[in-house]
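S.K.: Just one file: input_29.csv, with CSV, C-alpha atoms.
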chain,number,residue,atom,x,y,z
A,15,MET,CA,103.7,97.8,96.2
A,16,TYR,CA,103.6,99.2,92.6
A,17,LEU,CA,103.6,102.8,93.7
A,18,LYS,CA,107.4,103.1,93.5
A,19,TYR,CA,107.4,102.7,89.7
A,20,ASP,CA,107.2,105.7,87.4
A,21,ARG,CA,107.4,104.2,84.0
A,22,LEU,CA,105.0,101.9,82.2
A,23,LEU,CA,105.5,100.1,78.9
A,24,SER,CA,102.6,98.6,76.9
A,25,PHE,CA,102.9,95.9,74.2
A,26,GLY,CA,100.9,95.0,71.2
A,27,SER,CA,101.0,91.3,72.1
A,28,VAL,CA,101.2,89.3,75.3
A,29,HIS,CA,104.0,87.3,73.7
A,30,HIS,CA,106.2,90.4,73.6
A,31,ALA,CA,105.2,91.3,77.2
A,32,MET,CA,106.1,87.9,78.5
A,33,ARG,CA,109.4,88.0,76.6
A,34,ALA,CA,110.1,91.4,78.0
A,35,GLU,CA,109.4,90.3,81.6
A,36,LYS,CA,111.9,87.3,81.2
A,37,LEU,CA,114.6,89.4,79.6
A,38,LEU,CA,114.4,92.3,82.1
A,39,THR,CA,114.2,89.9,85.1
A,40,ALA,CA,117.3,88.0,83.7
A,41,ALA,CA,119.1,91.4,83.5
A,42,GLU,CA,118.2,91.9,87.2
A,43,ILE,CA,116.2,95.1,86.5
A,44,LYS,CA,113.5,95.7,89.1
A,45,ILE,CA,110.3,95.4,87.2
A,46,ASP,CA,106.7,94.1,87.7
A,47,ALA,CA,104.2,92.9,85.2
A,48,LEU,CA,100.5,93.6,85.6
A,49,PRO,CA,97.3,93.8,83.6
A,50,THR,CA,97.3,96.9,81.4
A,51,PRO,CA,95.2,99.6,83.1
A,52,ARG,CA,91.8,100.1,81.3
A,53,GLU,CA,92.5,103.8,80.7
A,54,ILE,CA,95.5,102.7,78.6
A,55,ASP,CA,94.0,99.8,76.8
A,56,ILE,CA,90.6,98.2,77.2
A,57,SER,CA,91.7,94.8,75.9
A,58,CYS,CA,93.2,92.3,78.2
A,59,GLY,CA,96.9,93.1,77.9
A,60,GLU,CA,100.0,92.9,80.1
A,61,CYS,CA,102.3,95.8,80.8
A,62,ILE,CA,105.7,96.2,82.5
A,63,LEU,CA,106.4,98.7,85.2
A,64,PHE,CA,109.9,99.9,86.0
A,65,MET,CA,111.8,102.9,87.3
A,66,ALA,CA,112.8,106.0,85.2
A,67,ALA,CA,116.4,105.4,86.2
A,68,ASP,CA,116.3,102.1,84.3
A,69,GLN,CA,114.5,103.4,81.2
A,70,GLN,CA,117.5,103.5,78.9
A,71,ARG,CA,118.6,100.0,79.9
A,72,VAL,CA,115.1,98.6,79.5
A,73,ILE,CA,114.6,100.1,76.0
A,74,LYS,CA,118.1,99.0,74.9
A,75,ILE,CA,117.5,95.4,76.1
A,76,LEU,CA,114.1,95.2,74.4
A,77,ASP,CA,115.4,96.7,71.2
A,78,ASP,CA,118.5,94.4,71.1
A,79,HIS,CA,116.2,91.4,71.4
A,80,GLN,CA,113.6,92.8,69.0
A,81,VAL,CA,110.8,92.9,71.6
A,82,ARG,CA,108.1,95.1,70.2
A,83,TRP,CA,106.6,97.6,72.6
A,84,THR,CA,103.9,100.1,71.7
A,85,LYS,CA,103.8,102.9,74.2
A,86,LEU,CA,106.0,104.3,77.0
A,87,PHE,CA,104.2,106.2,79.8
A,88,LYS,CA,105.4,108.3,82.6
A,89,CYS,CA,103.1,107.0,85.3
A,90,ASN,CA,101.8,107.9,88.8
A,91,MET,CA,100.4,104.6,90.1
A,92,GLN,CA,99.0,106.2,93.2
A,93,ASP,CA,96.6,108.5,91.2
A,94,ARG,CA,96.4,106.2,88.2
A,95,VAL,CA,97.7,108.9,85.8
A,96,HIS,CA,99.7,107.8,82.8
A,97,GLU,CA,101.2,110.3,80.4
A,98,GLU,CA,102.4,108.9,77.1
A,99,ILE,CA,106.0,110.0,76.4
A,100,GLU,CA,106.9,107.8,73.4
A,101,SER,CA,105.0,105.5,71.0
A,102,ARG,CA,106.1,103.2,68.2
B,29,MET,CA,79.9,102.6,78.1
B,30,SER,CA,82.1,105.0,76.2
B,31,THR,CA,81.7,108.7,75.6
B,32,LYS,CA,83.8,111.1,73.4
B,33,ILE,CA,84.0,114.8,74.0
B,34,ASP,CA,85.7,117.4,71.9
B,35,ALA,CA,86.3,120.2,74.5
B,36,ARG,CA,88.8,122.2,72.3
B,37,GLY,CA,87.9,125.9,72.4
B,38,LEU,CA,85.9,125.6,75.6
B,39,ALA,CA,86.8,128.2,78.2
B,40,CYS,CA,87.5,127.2,81.8
B,41,PRO,CA,85.6,125.6,83.6
B,42,GLY,CA,83.9,124.1,80.5
B,43,PRO,CA,86.2,121.1,80.1
B,44,VAL,CA,85.8,120.1,83.8
B,45,ILE,CA,82.0,120.5,83.6
B,46,ALA,CA,82.0,118.3,80.5
B,47,ILE,CA,83.9,115.5,82.1
B,48,LYS,CA,81.9,115.8,85.3
B,49,LYS,CA,78.7,115.4,83.3
B,50,ALA,CA,80.0,112.5,81.3
B,51,LEU,CA,81.2,110.6,84.4
B,52,GLU,CA,78.0,111.2,86.2
B,53,GLU,CA,76.0,109.6,83.4
B,54,MET,CA,77.8,106.3,83.7
B,55,ASP,CA,78.3,103.6,86.3
B,56,THR,CA,81.4,102.3,84.6
B,57,GLY,CA,83.1,103.1,81.4
B,58,VAL,CA,85.5,105.3,79.5
B,59,VAL,CA,85.4,108.9,78.5
B,60,THR,CA,87.8,110.3,76.0
B,61,ILE,CA,88.2,114.1,76.0
B,62,LEU,CA,90.1,116.2,73.5
B,63,LEU,CA,91.7,119.4,74.9
B,64,ASP,CA,93.7,122.2,73.4
B,65,ASN,CA,95.6,123.6,76.4
B,66,LYS,CA,97.6,122.5,79.4
B,67,ILE,CA,95.5,124.2,82.0
B,68,ALA,CA,92.4,122.4,80.8
B,69,LYS,CA,94.5,119.1,80.8
B,70,GLU,CA,95.6,119.6,84.4
B,71,ASN,CA,92.2,120.5,85.6
B,72,VAL,CA,90.5,117.5,84.0
B,73,ILE,CA,93.3,115.2,85.4
B,74,LYS,CA,92.8,116.7,88.9
B,75,PHE,CA,89.0,116.3,88.7
B,76,SER,CA,89.2,112.7,87.4
B,77,THR,CA,91.7,111.4,89.9
B,78,ALA,CA,89.9,113.1,92.8
B,79,HIS,CA,86.9,111.1,91.8
B,80,GLY,CA,88.8,107.8,91.7
B,81,CYS,CA,89.2,107.5,87.9
B,82,GLY,CA,92.4,106.5,86.0
B,83,VAL,CA,93.7,108.7,83.3
B,84,SER,CA,96.0,108.3,80.3
B,85,ILE,CA,97.3,111.2,78.3
B,86,THR,CA,98.4,111.3,74.7
B,87,GLU,CA,99.7,114.5,73.0
B,88,GLN,CA,98.3,114.8,69.5
B,89,GLY,CA,99.8,117.7,67.4
B,90,GLY,CA,99.6,120.2,70.3
B,91,ASP,CA,96.2,118.9,71.5
B,92,PHE,CA,95.8,116.5,74.4
B,93,LEU,CA,93.7,113.3,74.3
B,94,LEU,CA,92.7,112.2,77.8
B,95,THR,CA,91.2,108.7,78.3
B,96,VAL,CA,89.4,108.7,81.7
B,97,CYS,CA,88.3,105.3,83.0
B,98,LYS,CA,85.6,104.9,85.7
B,99,GLY,CA,85.8,101.4,87.1
B,100,ALA,CA,83.1,99.4,88.8
B,101,SER,CA,84.9,99.5,92.1
B,102,ILE,CA,85.3,103.2,92.1
B,103,SER,CA,83.1,105.4,94.2
B,104,ASP,CA,83.0,109.0,95.0
B,105,GLU,CA,82.8,108.0,98.6
B,106,PRO,CA,86.0,106.9,100.4
B,107,VAL,CA,86.0,103.2,101.3
B,108,ARG,CA,85.5,102.6,105.0
B,109,ALA,CA,88.0,100.3,106.6
B,110,ASP,CA,85.2,98.0,107.8
B,111,GLU,CA,83.8,97.9,104.3
B,112,VAL,CA,86.9,96.5,102.7
B,113,ALA,CA,86.4,92.8,103.6
B,114,THR,CA,82.7,92.7,104.1
B,115,SER,CA,81.9,90.7,100.9
B,116,ASN,CA,81.2,87.1,101.7
B,117,THR,CA,82.6,85.8,98.5
B,118,VAL,CA,85.0,82.8,98.6
B,119,TYR,CA,87.5,82.2,95.8
B,120,VAL,CA,88.8,78.6,95.4
B,121,PHE,CA,92.2,78.2,93.6
B,122,THR,CA,92.6,74.7,92.4
B,123,GLN,CA,95.7,75.2,90.3
B,124,ASP,CA,98.9,77.3,90.5
B,125,THR,CA,98.0,78.9,87.1
B,126,LEU,CA,94.8,80.3,85.7
B,127,GLY,CA,92.8,78.5,83.1
B,128,GLN,CA,93.6,75.6,80.8
B,129,GLY,CA,95.8,75.5,77.7
B,130,SER,CA,99.1,77.2,78.3
B,131,ARG,CA,100.8,77.0,81.7
B,132,GLU,CA,103.1,79.9,80.7
B,133,LEU,CA,100.1,82.1,79.9
B,134,GLY,CA,98.3,80.7,83.0
B,135,ALA,CA,101.1,81.9,85.2
B,136,VAL,CA,100.8,85.4,83.7
B,137,LEU,CA,97.1,85.4,84.2
B,138,ILE,CA,97.1,84.2,87.8
B,139,LYS,CA,99.4,87.1,88.7
B,140,GLY,CA,97.2,89.5,86.9
B,141,PHE,CA,94.1,88.1,88.5
B,142,LEU,CA,95.4,88.5,92.0
B,143,TYR,CA,96.7,92.0,91.3
B,144,THR,CA,93.2,92.9,90.0
B,145,LEU,CA,91.6,91.4,93.0
B,146,LEU,CA,93.7,93.8,95.1
B,147,GLU,CA,92.2,96.7,93.2
B,148,THR,CA,88.6,95.5,93.5
B,149,ARG,CA,86.1,96.4,96.2
B,150,PRO,CA,84.7,94.8,98.2
B,151,ARG,CA,87.4,92.4,99.1
B,152,PRO,CA,86.6,88.7,99.1
B,153,LYS,CA,86.2,87.1,102.5
B,154,THR,CA,88.3,84.0,102.0
B,155,LEU,CA,90.8,82.6,99.5
B,156,LEU,CA,91.0,78.8,99.6
B,157,PHE,CA,93.9,77.0,98.0
B,158,MET,CA,93.6,73.3,97.0
B,159,ASN,CA,95.5,70.7,95.0
B,160,ALA,CA,98.3,72.5,93.0
B,161,GLY,CA,96.7,75.9,94.1
B,162,VAL,CA,98.7,75.5,97.4
B,163,LEU,CA,101.9,76.1,95.4
B,164,LEU,CA,100.8,79.7,95.4
B,165,THR,CA,100.9,80.0,99.2
B,166,ILE,CA,104.4,78.6,99.7
B,167,GLN,CA,107.8,80.3,99.8
B,168,ASP,CA,108.9,81.8,96.5
B,169,SER,CA,105.4,82.0,95.2
B,170,PRO,CA,105.1,84.4,92.3
B,171,VAL,CA,102.0,86.0,93.8
B,172,MET,CA,103.3,86.3,97.4
B,173,ASP,CA,103.3,90.1,97.4
B,174,HIS,CA,99.6,90.2,96.2
B,175,LEU,CA,98.6,87.6,98.9
B,176,ASN,CA,100.4,89.5,101.6
B,177,LYS,CA,98.6,92.7,100.7
B,178,LEU,CA,95.2,90.9,100.7
B,179,ALA,CA,96.0,89.3,104.0
B,180,GLN,CA,96.9,92.7,105.5
B,181,GLU,CA,93.6,94.0,104.4
B,182,GLY,CA,91.7,91.2,106.3
B,183,VAL,CA,91.2,88.6,103.6
B,184,GLU,CA,91.5,85.1,105.1
B,185,ILE,CA,93.9,82.8,103.3
B,186,LEU,CA,93.6,79.0,103.8
B,187,SER,CA,95.6,76.2,102.3
B,188,CYS,CA,94.5,72.6,102.2
B,189,GLY,CA,96.7,70.5,104.5
B,190,THR,CA,96.3,67.3,102.6
B,191,CYS,CA,97.5,69.1,99.4
B,192,LEU,CA,100.5,70.7,101.1
B,193,ASP,CA,101.4,67.2,102.4
B,194,TYR,CA,100.9,65.6,99.0
B,195,PHE,CA,103.3,68.1,97.4
B,196,VAL,CA,105.7,67.8,100.4
B,197,VAL,CA,105.7,71.6,101.0
B,198,LYS,CA,103.9,71.8,104.4
B,199,ASP,CA,107.0,73.3,106.0
B,200,LYS,CA,107.2,75.9,103.2
B,201,LEU,CA,103.8,77.5,103.8
B,202,ALA,CA,104.5,81.2,103.8
B,203,ILE,CA,101.1,82.8,104.2
B,204,GLY,CA,97.8,82.1,105.8
B,205,GLU,CA,96.9,79.0,107.7
B,206,ILE,CA,96.5,75.3,107.0
B,207,THR,CA,93.0,74.0,106.9
B,208,ASN,CA,91.1,70.7,106.3
B,209,MET,CA,88.2,69.6,104.2
B,210,TYR,CA,85.6,70.2,107.0
B,211,THR,CA,86.6,73.9,107.2
B,212,ILE,CA,86.8,74.1,103.4
B,213,VAL,CA,83.3,72.7,102.9
B,214,GLU,CA,82.0,74.9,105.7
B,215,LYS,CA,83.5,78.1,104.2
B,216,MET,CA,82.1,77.2,100.8
B,217,THR,CA,78.7,76.4,102.2
B,218,MET,CA,78.4,79.5,104.2
B,219,ALA,CA,79.6,81.8,101.4
B,220,THR,CA,77.2,84.0,99.5
B,221,LYS,CA,79.2,83.3,96.3
B,222,VAL,CA,81.9,80.7,95.6
B,223,ILE,CA,84.1,81.3,92.6
B,224,THR,CA,86.3,78.3,91.6
B,225,LEU,CA,89.4,78.9,89.4
Before anything else, please render the file you have as C-alpha cells.

M.R.:
Amino acid sequence: MYLKYDRLLSFGSVHHAMRAEKLLTAAEIKIDALPTPREIDISCGECILFMAADQQRVIKILDDHQVRWTKLFKCNMQDRVHEEIESR
Amino acid sequence: MSTKIDARGLACPGPVIAIKKALEEMDTGVVTILLDNKIAKENVIKFSTAHGCGVSITEQGGDFLLTVCKGASISDEPVRADEVATSNTVYVFTQDTLGQGSRELGAVLIKGFLYTLLETRPRPKTLLFMNAGVLLTIQDSPVMDHLNKLAQEGVEILSCGTCLDYFVVKDKLAIGEITNMYTIVEKMTMATKVITL
C-alpha cells in the first residue's frame, strides 16, 4: 500500500512529523506517515511519504508553517532504496 | 551491530565483496560503506536489495555514503507462503492507542506498530481487540489498511463483542470477526506467546 509513493521526508523531531501529517492531510495531499526506515535513521522516528508530483506543494506548506524537516529522499519502497536529494 | 567500510579506490568487484562479507558477519545490523563512483554504488545497491536489505544513499562531495540495513526479519531465502502466518503469537490490543502518556503520540505509535508488524516475519497468528482496542477494527479506523493487509495474509482478527456493544459500534465492525471471552481466553491459553498492548 506504500509502494506508490516515491518521496520520503524525515524530521528531526516527532512533533514536526505529527504537525506535517496534520497540515498535509488538511491540504488534501495524499500522504502516509510511518516509522522511519532503519537504513535512514536508527532512532524511533516518524517520516512522511508522498508522490513526487506533490513535492513542491508539500515543501511549500511545511516551509510556510515553519515545520522543520531534515532530509528529502527519492524512494523506492519496493526495494527499500532511499536516495537523499536534499537536506537541511 | 554496526560496521563501517571505506571502499573508495577499490576496483570492481571489491566493494560488492566488502559489503557481502560485512553482511554475512551479522544477523542484524547496519553497514555503512563509502564509495567513490556510480558503478560501485549501483552494484552495492543491487547486491544489498537482492539480499533483502534496505539502503539509503547520501552524496558527500562526489563520494557516496550508503547505509545498508539488515533486519531481523530479512533472510536470503524467499519466504514461503505457508511460513508467513505460522507463528503462534497472539497480540492483544486493549486500547486504540499505544502506551500511556499522550493519546496524540499513542495514535502515531499504534499506526507505526501495525505497519511494522506488516513488515515482520513470521506473522502473528491472531490479533485480539478488547476494550477501546475495538475502536481500531471499526469503520474509519486509522489502521484499517494495515489490518486489511494482515488479514489478507492469513492473520486472524477478532474483536470482543461485549466491547463493541459497550461502545455501541457493533454494526460498524469493518474487519475480522466478533468473538467472546471463551474464545479470547482459549486463544491466549493456546498461544506460544501473548503480547498485550

S.K.: What residues in chain B have any atom no more than 7 Å from chain A when counting all atoms listed in the file, and can you write them as an MDAnalysis selection string?

M.R.: chainID B and resid 77 82:86 95:97 140

S.K.: Just how far from CA of Met29 in chain B is CA of Glu53 in chain B, in Å to one decimal?

M.R.: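 So the answer is 9.6 Å.
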
S.K.: CA of Ala41 in chain A and CA of Gly26 in chain A are how many Å apart?

M.R.: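 Going from CA of Ala41 in chain A over to CA of Gly26 in chain A covers 22.3 Å.
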
S.K.: Between B:Met172, B:Glu181, B:Ser130, B:Thr125, which has the minimum distance to Pro150 in chain B (counting only C-alpha atoms)?

M.R.: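 Residue with the minimum atom-to-atom distance to Pro150 in chain B: B:Glu181.
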
S.K.: Just how far from CA of Thr84 in chain A is CA of Val44 in chain B, in Å to one decimal?

M.R.: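 CA of Thr84 in chain A lies at a distance of 29.6 Å from CA of Val44 in chain B.
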
S.K.: Name the residues within 10 Å of (110.1, 83.9, 89.6), counting all atoms listed in the file in the file's coordinates, and put them as an MDAnalysis selection string.

M.R.: (chainID A and resid 36 39) or (chainID B and resid 168:171)

S.K.: Kindly export the residues of the current selection with C-alpha atoms, as a JSON list (two decimals), in the coordinates of the input.

M.R.:
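Generated file (result10.json):
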[["chain", "number", "residue", "atom", "x", "y", "z"],
["A", 36, "LYS", "CA", 111.90, 87.30, 81.20],
["A", 39, "THR", "CA", 114.20, 89.90, 85.10],
["B", 168, "ASP", "CA", 108.90, 81.80, 96.50],
["B", 169, "SER", "CA", 105.40, 82.00, 95.20],
["B", 170, "PRO", "CA", 105.10, 84.40, 92.30],
["B", 171, "VAL", "CA", 102.00, 86.00, 93.80]]

S.K.: Tell me which protein, DNA and RNA residues are within 6 Å of Leu22 in chain A, counting only C-alpha atoms, leaving out same-chain ones fewer than 6 positions away, and put them as a list in words.

M.R.: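 My reading of the contact set: Ile62, Leu63, Leu86 and Phe87 of chain A.
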
S.K.: Which residue gives the smallest distance to Ala34 in chain A among A:Tyr16, A:Arg82, A:Ala66, A:Arg102, with all atoms listed in the file counted?

M.R.: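 Using all atoms listed in the file, Ala34 in chain A sits closest to A:Arg82.
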
S.K.: Find the residues near Thr56 in chain B: any atom within 10 Å, counting all atoms listed in the file, skip ones fewer than 2 places away on the same chain, and give them as JSON, numbers by chain.

M.R.: {"B": [29, 30, 51, 52, 53, 54, 58, 59, 81, 97, 98, 99, 100, 101, 102]}

S.K.: Compile the contact shell of Leu146 in chain B as a list in words: residues with an atom at most 8 Å away, counting only C-alpha atoms, same-chain residues fewer than 6 positions apart removed.

M.R.: His174, Lys177 and Leu178 of chain B

S.K.: Would you please work out which residue, of A:Ile43, A:Leu17, A:Leu23, A:Leu37, is nearest to Asp68 in chain A when using all atoms listed in the file?

M.R.: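 Closest to Asp68 in chain A of all the choices is A:Ile43.
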
S.K.: Once you count only C-alpha atoms, which residues end up no further than 12 Å from (84.9, 84.8, 99.2) in the file's frame, shown as a compact mmCIF listing (two decimals) with C-alpha atoms, in the coordinates of the input?

M.R.:
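File produced: point25.txt:
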# COMPACT_ATOMS: atom_id res chain seq x y z
CA ALA B 113 86.40 92.80 103.60
CA THR B 114 82.70 92.70 104.10
CA SER B 115 81.90 90.70 100.90
CA ASN B 116 81.20 87.10 101.70
CA THR B 117 82.60 85.80 98.50
CA VAL B 118 85.00 82.80 98.60
CA TYR B 119 87.50 82.20 95.80
CA VAL B 120 88.80 78.60 95.40
CA PHE B 121 92.20 78.20 93.60
CA LEU B 145 91.60 91.40 93.00
CA PRO B 150 84.70 94.80 98.20
CA ARG B 151 87.40 92.40 99.10
CA PRO B 152 86.60 88.70 99.10
CA LYS B 153 86.20 87.10 102.50
CA THR B 154 88.30 84.00 102.00
CA LEU B 155 90.80 82.60 99.50
CA LEU B 156 91.00 78.80 99.60
CA PHE B 157 93.90 77.00 98.00
CA GLY B 182 91.70 91.20 106.30
CA VAL B 183 91.20 88.60 103.60
CA GLU B 184 91.50 85.10 105.10
CA ILE B 185 93.90 82.80 103.30
CA LEU B 186 93.60 79.00 103.80
CA ILE B 212 86.80 74.10 103.40
CA LYS B 215 83.50 78.10 104.20
CA MET B 216 82.10 77.20 100.80
CA THR B 217 78.70 76.40 102.20
CA MET B 218 78.40 79.50 104.20
CA ALA B 219 79.60 81.80 101.40
CA THR B 220 77.20 84.00 99.50
CA LYS B 221 79.20 83.30 96.30
CA VAL B 222 81.90 80.70 95.60
CA ILE B 223 84.10 81.30 92.60
CA THR B 224 86.30 78.30 91.60

S.K.: Which of these, A:Val81, A:Ala67, A:Cys61, A:Ile73, has the shortest distance to Lys18 in chain A once you count only C-alpha atoms?

M.R.: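 Ranking A:Val81, A:Ala67, A:Cys61, A:Ile73 by distance to Lys18 in chain A, first place goes to A:Ala67.
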